[in-house]
$ cat run_11.tsv   # TSV, C-alpha atoms
chain	number	residue	atom	x	y	z
A	1	MET	CA	0.00	0.00	0.00
A	2	GLU	CA	1.25	3.46	-0.90
A	3	THR	CA	2.00	5.59	2.14
A	4	MET	CA	1.78	9.34	2.37
A	5	VAL	CA	2.32	10.57	5.90
A	6	MET	CA	1.30	14.04	7.07
A	7	SER	CA	1.42	15.75	10.44
A	8	ASN	CA	-1.97	15.84	12.16
A	9	LYS	CA	-2.75	18.43	14.82
A	10	GLN	CA	-5.34	17.29	17.38
A	11	VAL	CA	-7.32	18.59	20.36
A	12	ILE	CA	-6.70	16.11	23.17
A	13	PHE	CA	-8.97	15.54	26.17
A	14	ARG	CA	-6.75	15.84	29.25
A	15	ASP	CA	-9.01	14.24	31.89
A	16	TYR	CA	-12.57	14.07	33.18
A	17	VAL	CA	-13.89	17.49	34.16
A	18	THR	CA	-15.60	18.54	37.39
A	19	GLY	CA	-17.06	22.04	37.54
A	20	PHE	CA	-16.53	24.58	34.80
A	21	LEU	CA	-14.64	23.51	31.69
A	22	SER	CA	-11.40	25.41	31.14
A	23	GLU	CA	-9.01	25.66	28.20
A	24	SER	CA	-6.42	23.69	30.19
A	25	ASP	CA	-8.71	20.66	30.04
A	26	LEU	CA	-7.98	20.47	26.30
A	27	LEU	CA	-4.47	20.13	24.92
A	28	ILE	CA	-3.11	20.71	21.40
A	29	ASN	CA	-0.95	17.83	20.22
A	30	SER	CA	0.59	16.81	16.91
A	31	THR	CA	0.87	13.29	15.57
A	32	SER	CA	1.05	11.80	12.08
A	33	VAL	CA	-1.51	10.24	9.77
A	34	ASN	CA	-1.32	8.13	6.64
A	35	LEU	CA	-3.36	9.79	3.90
A	36	LYS	CA	-4.09	6.43	2.28
A	37	VAL	CA	-6.59	3.97	3.76
A	38	SER	CA	-5.89	0.25	3.85
A	39	ALA	CA	-6.89	-1.80	0.82
A	40	GLY	CA	-10.32	-3.37	1.30
A	41	SER	CA	-11.11	-1.00	4.15
A	42	MET	CA	-14.60	0.50	4.61
A	43	THR	CA	-13.07	3.63	6.08
A	44	ALA	CA	-12.47	7.09	4.63
A	45	LEU	CA	-9.65	9.51	5.33
A	46	VAL	CA	-11.09	13.02	5.55
A	47	LYS	CA	-9.57	16.47	5.81
A	48	ASN	CA	-11.56	18.49	8.34
A	49	LEU	CA	-12.51	21.97	7.17
A	50	TYR	CA	-14.91	23.19	9.87
A	51	LEU	CA	-15.70	21.93	13.37
A	52	SER	CA	-18.89	22.60	15.31
A	53	CYS	CA	-18.73	23.75	18.95
A	54	ASP	CA	-21.80	22.44	20.78
A	55	PRO	CA	-22.88	22.57	24.45
A	56	TYR	CA	-23.68	18.83	24.63
A	57	MET	CA	-19.94	18.16	24.35
A	58	ARG	CA	-19.49	19.28	27.96
A	59	ASN	CA	-21.57	16.30	29.13
A	60	LEU	CA	-19.18	13.93	27.35
A	61	MET	CA	-16.38	15.21	29.58
A	62	ARG	CA	-17.88	13.73	32.73
A	63	LYS	CA	-16.52	10.55	34.26
A	64	PRO	CA	-18.66	7.63	33.03
A	65	ASP	CA	-21.50	6.86	35.43
A	66	PRO	CA	-23.65	3.74	34.84
A	67	SER	CA	-26.65	5.60	36.25
A	68	SER	CA	-26.34	8.48	33.76
A	69	PRO	CA	-27.01	7.92	30.03
A	70	ALA	CA	-25.41	11.34	29.37
A	71	THR	CA	-21.97	9.84	30.11
A	72	ALA	CA	-22.37	6.61	28.12
A	73	LEU	CA	-20.22	8.00	25.29
A	74	SER	CA	-17.79	10.07	27.37
A	75	PHE	CA	-14.55	11.17	25.75
A	76	ILE	CA	-11.46	9.14	26.59
A	77	PRO	CA	-8.66	10.95	28.46
A	78	GLY	CA	-5.54	11.22	26.32
A	79	LYS	CA	-7.49	10.87	23.07
A	80	PRO	CA	-8.87	13.51	20.65
A	81	ILE	CA	-12.36	14.77	21.40
A	82	SER	CA	-14.95	14.43	18.65
A	83	GLY	CA	-17.99	16.27	17.37
A	84	PHE	CA	-19.71	17.30	14.17
A	85	GLY	CA	-17.73	18.79	11.33
A	86	VAL	CA	-17.51	19.48	7.61
A	87	SER	CA	-14.85	17.49	5.77
A	88	LYS	CA	-13.42	16.56	2.39
A	89	VAL	CA	-12.65	12.95	1.48
A	90	MET	CA	-8.94	12.49	0.67
A	91	ASP	CA	-9.03	8.71	0.21
A	92	SER	CA	-11.73	6.10	0.67
A	93	GLY	CA	-12.37	2.39	0.69
A	94	HIS	CA	-16.08	2.97	1.32
A	95	PRO	CA	-18.30	2.42	-1.75
A	96	ASP	CA	-20.50	5.45	-1.00
A	97	TYR	CA	-17.65	7.94	-0.74
A	98	LYS	CA	-14.90	8.81	-3.17
A	99	GLU	CA	-11.93	11.19	-3.18
A	100	GLY	CA	-13.11	14.78	-3.45
A	101	ASP	CA	-16.54	14.24	-1.88
A	102	LEU	CA	-17.67	16.71	0.77
A	103	LEU	CA	-19.54	15.50	3.83
A	104	TRP	CA	-20.69	16.55	7.28
A	105	GLY	CA	-20.99	14.33	10.31
A	106	ALA	CA	-19.08	12.91	13.27
A	107	VAL	CA	-15.30	13.46	13.13
A	108	GLY	CA	-12.39	13.93	15.51
A	109	TRP	CA	-11.20	17.37	16.53
A	110	GLU	CA	-8.10	17.17	14.39
A	111	GLU	CA	-6.84	18.15	10.94
A	112	TYR	CA	-7.42	14.68	9.48
A	113	SER	CA	-9.74	11.91	10.65
A	114	VAL	CA	-10.19	8.29	9.66
A	115	ILE	CA	-13.92	7.58	9.79
A	116	THR	CA	-16.22	4.68	9.04
A	117	PRO	CA	-19.18	6.43	7.39
A	118	ILE	CA	-22.47	5.54	9.06
A	119	PRO	CA	-25.90	6.26	7.54
A	120	ASN	CA	-27.72	9.06	9.41
A	121	LEU	CA	-24.47	10.07	11.11
A	122	HIS	CA	-22.49	11.08	8.01
A	123	PHE	CA	-24.11	12.94	5.13
A	124	LYS	CA	-22.72	13.67	1.70
A	125	ILE	CA	-22.98	17.36	0.80
A	126	HIS	CA	-24.74	17.89	-2.52
A	127	HIS	CA	-25.68	21.58	-2.24
A	128	THR	CA	-22.56	23.73	-2.54
A	129	ASP	CA	-24.27	26.97	-3.61
A	130	VAL	CA	-24.48	27.83	0.10
A	131	PRO	CA	-21.48	28.37	2.43
A	132	LEU	CA	-19.89	25.08	3.50
A	133	SER	CA	-19.70	26.41	7.06
A	134	ASN	CA	-23.52	26.31	7.16
A	135	TYR	CA	-23.27	22.53	7.46
A	136	THR	CA	-21.94	22.97	11.01
A	137	GLY	CA	-25.12	24.85	11.92
A	138	LEU	CA	-28.06	25.87	9.79
A	139	LEU	CA	-27.78	22.86	7.45
A	140	GLY	CA	-26.24	20.49	10.00
A	141	MET	CA	-27.02	19.10	13.42
A	142	PRO	CA	-28.23	22.40	15.00
A	143	GLY	CA	-30.59	22.99	12.07
A	144	MET	CA	-32.03	19.50	12.43
A	145	THR	CA	-32.36	20.13	16.17
A	146	ALA	CA	-34.41	23.27	15.61
A	147	TYR	CA	-36.54	21.58	12.96
A	148	ALA	CA	-37.28	18.41	14.93
A	149	GLY	CA	-37.73	20.19	18.25
A	150	PHE	CA	-40.07	22.84	16.96
A	151	TYR	CA	-42.17	20.96	14.41
A	152	GLU	CA	-42.09	17.41	15.77
A	153	ILE	CA	-42.12	18.08	19.53
A	154	CYS	CA	-43.93	21.40	19.84
A	155	SER	CA	-46.66	20.85	17.18
A	156	PRO	CA	-47.01	24.61	16.58
A	157	LYS	CA	-50.14	26.35	15.33
A	158	LYS	CA	-50.51	29.75	13.70
A	159	GLY	CA	-51.09	32.50	16.25
A	160	GLU	CA	-49.54	30.68	19.21
A	161	THR	CA	-47.08	32.33	21.58
A	162	VAL	CA	-43.51	31.02	21.56
A	163	PHE	CA	-40.62	31.68	23.94
A	164	VAL	CA	-37.04	30.67	23.09
A	165	SER	CA	-34.17	30.82	25.60
A	166	ALA	CA	-30.55	31.17	24.46
A	167	ALA	CA	-32.30	32.51	21.39
A	168	SER	CA	-29.29	33.92	19.55
A	169	GLY	CA	-27.40	30.61	19.61
A	170	ALA	CA	-26.98	27.96	16.94
A	171	VAL	CA	-30.45	26.46	17.48
A	172	GLY	CA	-32.43	29.30	19.03
A	173	GLN	CA	-32.00	31.73	16.15
A	174	LEU	CA	-33.58	29.17	13.82
A	175	VAL	CA	-36.44	28.19	16.13
A	176	GLY	CA	-37.49	31.83	16.33
A	177	GLN	CA	-37.45	32.22	12.56
A	178	PHE	CA	-39.36	28.96	12.04
A	179	ALA	CA	-41.98	30.20	14.52
A	180	LYS	CA	-42.34	33.51	12.68
A	181	LEU	CA	-42.80	31.62	9.40
A	182	MET	CA	-45.68	29.78	11.12
A	183	GLY	CA	-47.31	33.09	12.08
A	184	CYS	CA	-46.53	32.79	15.80
A	185	TYR	CA	-45.75	35.55	18.31
A	186	VAL	CA	-42.11	35.01	19.30
A	187	VAL	CA	-39.98	36.31	22.18
A	188	GLY	CA	-36.38	35.35	22.92
A	189	SER	CA	-33.94	35.78	25.78
A	190	ALA	CA	-30.19	36.28	25.43
A	191	GLY	CA	-27.27	37.50	27.52
A	192	SER	CA	-26.24	40.85	26.02
A	193	LYS	CA	-27.64	43.96	24.36
A	194	GLU	CA	-25.89	42.99	21.12
A	195	LYS	CA	-27.66	39.62	21.10
A	196	VAL	CA	-31.05	41.15	21.97
A	197	ASP	CA	-30.68	43.62	19.09
A	198	LEU	CA	-29.82	40.71	16.80
A	199	LEU	CA	-32.99	38.86	17.79
A	200	LYS	CA	-35.26	41.82	17.11
A	201	ASN	CA	-33.55	43.41	14.13
A	202	LYS	CA	-32.06	40.50	12.19
A	203	PHE	CA	-34.04	37.40	13.12
A	204	GLY	CA	-37.44	39.09	13.33
A	205	PHE	CA	-38.42	38.19	16.90
A	206	ASP	CA	-41.40	40.23	18.13
A	207	ASP	CA	-39.59	41.01	21.37
A	208	ALA	CA	-36.49	40.00	23.33
A	209	PHE	CA	-34.82	40.69	26.64
A	210	ASN	CA	-31.43	40.38	28.32
A	211	TYR	CA	-31.97	37.92	31.15
A	212	LYS	CA	-28.87	39.22	32.96
A	213	GLU	CA	-30.60	42.59	33.45
A	214	GLU	CA	-33.86	41.12	34.78
A	215	SER	CA	-34.17	40.73	38.55
A	216	ASP	CA	-37.56	38.98	38.27
A	217	LEU	CA	-37.82	36.54	35.35
A	218	ASN	CA	-41.45	35.76	36.17
A	219	ALA	CA	-42.37	39.45	35.85
A	220	SER	CA	-40.33	39.78	32.65
A	221	LEU	CA	-42.16	36.89	31.04
A	222	LYS	CA	-45.57	38.18	32.20
A	223	LYS	CA	-44.79	41.50	30.54
A	224	CYS	CA	-43.83	39.80	27.25
A	225	PHE	CA	-46.65	37.24	27.40
A	226	PRO	CA	-49.71	38.78	29.07
A	227	VAL	CA	-51.83	35.84	27.87
A	228	GLY	CA	-49.17	33.22	28.66
A	229	ILE	CA	-46.82	30.95	26.70
A	230	ASP	CA	-48.03	28.14	24.42
A	231	ILE	CA	-44.60	26.82	23.42
A	232	TYR	CA	-41.27	27.03	25.20
A	233	PHE	CA	-38.10	25.91	23.42
A	234	GLU	CA	-35.85	25.11	26.38
A	235	ASN	CA	-32.11	25.64	26.04
A	236	VAL	CA	-30.98	26.80	29.49
A	237	GLY	CA	-32.81	25.18	32.45
A	238	GLY	CA	-32.62	26.41	36.05
A	239	PRO	CA	-34.43	29.60	37.14
A	240	MET	CA	-35.57	30.35	33.59
A	241	LEU	CA	-37.42	27.04	33.34
A	242	ASP	CA	-38.98	27.70	36.74
A	243	ALA	CA	-40.26	31.11	35.63
A	244	VAL	CA	-41.53	29.77	32.32
A	245	ILE	CA	-43.66	27.08	33.99
A	246	LEU	CA	-45.45	29.82	35.96
A	247	ASN	CA	-46.28	31.54	32.66
A	248	MET	CA	-47.24	28.53	30.54
A	249	ARG	CA	-50.79	28.34	29.24
A	250	PRO	CA	-52.92	25.22	29.73
A	251	HIS	CA	-51.90	22.44	27.32
A	252	GLY	CA	-48.58	24.20	26.64
A	253	ARG	CA	-45.62	22.30	25.19
A	254	ILE	CA	-41.99	22.45	26.27
A	255	ALA	CA	-39.30	21.01	24.00
A	256	ALA	CA	-36.31	20.28	26.26
A	257	CYS	CA	-33.44	20.70	23.83
A	258	GLY	CA	-30.72	21.49	26.38
A	259	MET	CA	-29.98	23.06	29.76
A	260	ILE	CA	-26.64	24.79	29.31
A	261	SER	CA	-26.85	26.61	32.65
A	262	GLN	CA	-26.59	23.26	34.44
A	263	TYR	CA	-23.81	21.45	32.60
A	264	ASN	CA	-20.90	22.82	34.64
A	265	LEU	CA	-22.62	22.64	38.04
A	266	GLN	CA	-21.69	19.89	40.47
A	267	ILE	CA	-25.13	20.21	42.08
A	268	PRO	CA	-27.88	21.07	39.54
A	269	GLU	CA	-30.31	23.85	40.44
A	270	ALA	CA	-33.75	22.81	41.60
A	271	VAL	CA	-36.94	23.53	39.65
A	272	TYR	CA	-39.60	24.46	42.18
A	273	ASN	CA	-42.71	24.96	40.03
A	274	LEU	CA	-42.73	21.56	38.37
A	275	TRP	CA	-45.92	20.58	40.20
A	276	LEU	CA	-47.86	23.04	38.03
A	277	ILE	CA	-47.42	20.91	34.91
A	278	THR	CA	-50.19	18.64	36.23
A	279	TYR	CA	-52.78	21.37	36.66
A	280	LYS	CA	-51.82	23.17	33.45
A	281	ARG	CA	-51.63	19.90	31.46
A	282	ILE	CA	-48.19	20.91	30.21
A	283	ARG	CA	-46.22	18.42	28.11
A	284	ILE	CA	-42.45	18.50	28.61
A	285	GLN	CA	-40.47	16.32	26.22
A	286	GLY	CA	-36.75	15.88	25.98
A	287	PHE	CA	-35.31	14.81	22.66
A	288	ASN	CA	-32.08	13.83	20.98
A	289	THR	CA	-31.49	15.02	17.43
A	290	ILE	CA	-29.93	11.67	16.51
A	291	ASP	CA	-33.44	10.18	16.69
A	292	TYR	CA	-34.54	12.49	13.85
A	293	LEU	CA	-31.54	12.46	11.51
A	294	HIS	CA	-33.37	10.06	9.20
A	295	LYS	CA	-35.53	13.09	8.31
A	296	TYR	CA	-32.53	15.07	7.08
A	297	SER	CA	-33.51	15.04	3.39
A	298	GLU	CA	-36.99	16.24	4.37
A	299	PHE	CA	-35.41	19.03	6.40
A	300	LEU	CA	-33.25	20.14	3.46
A	301	GLU	CA	-36.28	20.28	1.16
A	302	PHE	CA	-37.96	22.50	3.75
A	303	VAL	CA	-35.12	24.88	4.64
A	304	LEU	CA	-33.08	25.35	1.44
A	305	PRO	CA	-35.78	27.35	-0.42
A	306	TYR	CA	-36.14	29.71	2.56
A	307	LEU	CA	-32.36	30.13	2.71
A	308	ARG	CA	-32.01	30.81	-1.02
A	309	GLU	CA	-34.91	33.27	-0.96
A	310	GLU	CA	-33.29	34.97	2.07
A	311	LYS	CA	-36.39	34.35	4.19
A	312	ILE	CA	-34.12	32.71	6.75
A	313	THR	CA	-30.81	34.17	7.87
A	314	TYR	CA	-28.06	32.71	10.02
A	315	VAL	CA	-25.24	34.23	12.07
A	316	GLU	CA	-21.98	32.40	12.65
A	317	ASP	CA	-19.19	33.17	15.14
A	318	VAL	CA	-16.00	31.92	13.49
A	319	ALA	CA	-12.76	31.02	15.29
A	320	ASP	CA	-9.72	30.59	13.02
A	321	GLY	CA	-7.38	27.63	13.41
A	322	LEU	CA	-7.51	24.40	15.41
A	323	GLU	CA	-5.43	26.09	18.14
A	324	THR	CA	-8.41	28.35	18.90
A	325	ALA	CA	-10.82	25.44	19.35
A	326	PRO	CA	-10.46	25.02	23.15
A	327	ALA	CA	-11.16	28.72	23.79
A	328	ALA	CA	-14.08	28.68	21.35
A	329	LEU	CA	-15.69	25.70	23.07
A	330	VAL	CA	-15.14	27.07	26.58
A	331	GLY	CA	-16.58	30.42	25.47
A	332	LEU	CA	-19.98	28.81	24.86
A	333	PHE	CA	-20.46	28.42	28.60
A	334	HIS	CA	-19.71	32.08	29.25
A	335	GLY	CA	-21.91	33.48	26.49
A	336	LYS	CA	-18.95	34.77	24.46
A	337	ASN	CA	-20.28	33.53	21.12
A	338	VAL	CA	-22.66	35.59	19.03
A	339	GLY	CA	-24.53	33.09	16.86
A	340	LYS	CA	-23.32	29.62	15.89
A	341	GLN	CA	-19.80	28.97	17.20
A	342	LEU	CA	-17.57	27.09	14.79
A	343	VAL	CA	-13.86	26.59	14.17
A	344	VAL	CA	-12.18	26.85	10.78
A	345	VAL	CA	-9.54	24.13	10.54
A	346	SER	CA	-8.76	24.75	6.88
A	347	ARG	CA	-10.24	26.76	4.01
A	348	ASP	CA	-8.03	24.88	1.56
A	349	LEU	CA	-10.10	22.36	-0.37
A	350	ASP	CA	-7.04	20.78	-2.02
$ encode --input "run_11.tsv" --output "structure tokens"
Amino acid sequence: METMVMSNKQVIFRDYVTGFLSESDLLINSTSVNLKVSAGSMTALVKNLYLSCDPYMRNLMRKPDPSSPATALSFIPGKPISGFGVSKVMDSGHPDYKEGDLLWGAVGWEEYSVITPIPNLHFKIHHTDVPLSNYTGLLGMPGMTAYAGFYEICSPKKGETVFVSAASGAVGQLVGQFAKLMGCYVVGSAGSKEKVDLLKNKFGFDDAFNYKEESDLNASLKKCFPVGIDIYFENVGGPMLDAVILNMRPHGRIAACGMISQYNLQIPEAVYNLWLITYKRIRIQGFNTIDYLHKYSEFLEFVLPYLREEKITYVEDVADGLETAPAALVGLFHGKNVGKQLVVVSRDLD
């Protein structure tokens, strides 16, 4: 077999994390990789172009706990972390992928990855008239998350009231725009004036507020939703969830997408108003996007026309170079990103 060895920079997981994630928990290391796959192999060697920074990755940094399904696929200390990315095939033994193909899906946080393509976990990119970076967000896993969570879990109807927390993030900005396309009244919360302005002026939310400036979240929500909330797209958890439950309308729906405010806490915050879901007949449903990835082609048929007609817009926060990846990921948990956080590994398609 022909060999062609290249250096391969990687982001290495130092050890299991307790408390807040820090940049020192992730190390930059360099190794080597053979750019040719073994004869007869079903693997593909890919060059990673863009990597997606996502909050769920923090849960994979916990020490495995048999009682917690969130840690079943924890990262391995001393090995590269992994996530979703956009890549180009450099060599392949897999019949569905050939040299030069572009794909998005699960890859290592490194310059080159050897993957075994799996249906509904790796997707060939056919539409290149849109930015490739969009496949880390709008046209990738976060886009599918917004689509499945809003349409499949929330069952929205025209005229309903919708609240989205972490609304300027990778998923929230899309949920709000989907809700507006449905003819809903939409309010979002975010953590800075810049993000609030983005929600109202770029994404078309009817209203938005900076939760950091609100001393009484219940009162803030009552002001925005005098008749109550029909749909809550949950991204943060904690006190916000507590306040939302007080303001939910009877038969309201809550799509529990994530709870980023809790991921770094050793003792999660309590939710005190949960008892009200019985009397209000509220449905709370958690979901995992992986369960809906078989609908990806349906999602593309839905979203691409809106994107091309500029009826949907998307904001990305781009970090340049694999060396910046640890800081970019850590920044998610401090609200430093404005829009979808991604890392450019390479813009070179050769």
$ closest_residue --input "run_11.tsv" --among "A:Gln10, A:Ser189, A:Asn337, A:Ser297" --to "A:Ala170" --atoms "all atoms listed in the file"
A:Asn337
$ atom_distance --input "run_11.tsv" --atom1 "atom CA of A:Lys124" --atom2 "atom CA of A:Tyr97"
8.0 Å
$ residues_around --input "run_11.tsv" --residues "A:Phe205" --least-positions-apart "2" --cutoff "10 Å" --atoms "all atoms listed in the file" --output "PDB file with C-alpha atoms, in the coordinates of the input"
ATOM      1  CA  VAL A 162     -43.510  31.020  21.560  1.00  0.00           C
ATOM      2  CA  PHE A 163     -40.620  31.680  23.940  1.00  0.00           C
ATOM      3  CA  VAL A 164     -37.040  30.670  23.090  1.00  0.00           C
ATOM      4  CA  ALA A 167     -32.300  32.510  21.390  1.00  0.00           C
ATOM      5  CA  GLN A 173     -32.000  31.730  16.150  1.00  0.00           C
ATOM      6  CA  GLY A 176     -37.490  31.830  16.330  1.00  0.00           C
ATOM      7  CA  GLN A 177     -37.450  32.220  12.560  1.00  0.00           C
ATOM      8  CA  ALA A 179     -41.980  30.200  14.520  1.00  0.00           C
ATOM      9  CA  LYS A 180     -42.340  33.510  12.680  1.00  0.00           C
ATOM     10  CA  CYS A 184     -46.530  32.790  15.800  1.00  0.00           C
ATOM     11  CA  TYR A 185     -45.750  35.550  18.310  1.00  0.00           C
ATOM     12  CA  VAL A 186     -42.110  35.010  19.300  1.00  0.00           C
ATOM     13  CA  VAL A 187     -39.980  36.310  22.180  1.00  0.00           C
ATOM     14  CA  GLY A 188     -36.380  35.350  22.920  1.00  0.00           C
ATOM     15  CA  VAL A 196     -31.050  41.150  21.970  1.00  0.00           C
ATOM     16  CA  ASP A 197     -30.680  43.620  19.090  1.00  0.00           C
ATOM     17  CA  LEU A 198     -29.820  40.710  16.800  1.00  0.00           C
ATOM     18  CA  LEU A 199     -32.990  38.860  17.790  1.00  0.00           C
ATOM     19  CA  LYS A 200     -35.260  41.820  17.110  1.00  0.00           C
ATOM     20  CA  ASN A 201     -33.550  43.410  14.130  1.00  0.00           C
ATOM     21  CA  LYS A 202     -32.060  40.500  12.190  1.00  0.00           C
ATOM     22  CA  PHE A 203     -34.040  37.400  13.120  1.00  0.00           C
ATOM     23  CA  ASP A 207     -39.590  41.010  21.370  1.00  0.00           C
ATOM     24  CA  ALA A 208     -36.490  40.000  23.330  1.00  0.00           C
TER      25      ALA A 208
END
$ residues_around --input "run_11.tsv" --residues "stretch 246-250 of chain A" --least-positions-apart "3" --cutoff "8 Å" --atoms "all atoms listed in the file" --output "list of chain:residue names"
A:Asn218, A:Leu221, A:Lys222, A:Phe225, A:Val227, A:Gly228, A:Ile229, A:Asp230, A:Ile231, A:Asp242, A:Ala243, A:Asn273, A:Leu276, A:Tyr279, A:Lys280, A:Arg281, A:Ile282
$ closest_residue --input "run_11.tsv" --among "A:Asn288, A:Met6, A:Leu35, A:Cys53" --to "A:Val344" --atoms "all atoms listed in the file"
A:Cys53
$ closest_residue --input "run_11.tsv" --among "A:His251, A:His94, A:Arg347, A:Lys340" --to "A:Leu139" --atoms "all atoms listed in the file"
A:Lys340
$ closest_residue --input "run_11.tsv" --among "A:Asn8, A:Tyr211, A:Met240, A:Pro66" --to "A:Ala270" --atoms "all atoms listed in the file"
A:Met240
$ closest_residue --input "run_11.tsv" --among "A:Gln341, A:Asn59, A:Ser113, A:Asn29" --to "A:Ser92" --atoms "all atoms listed in the file"
A:Ser113
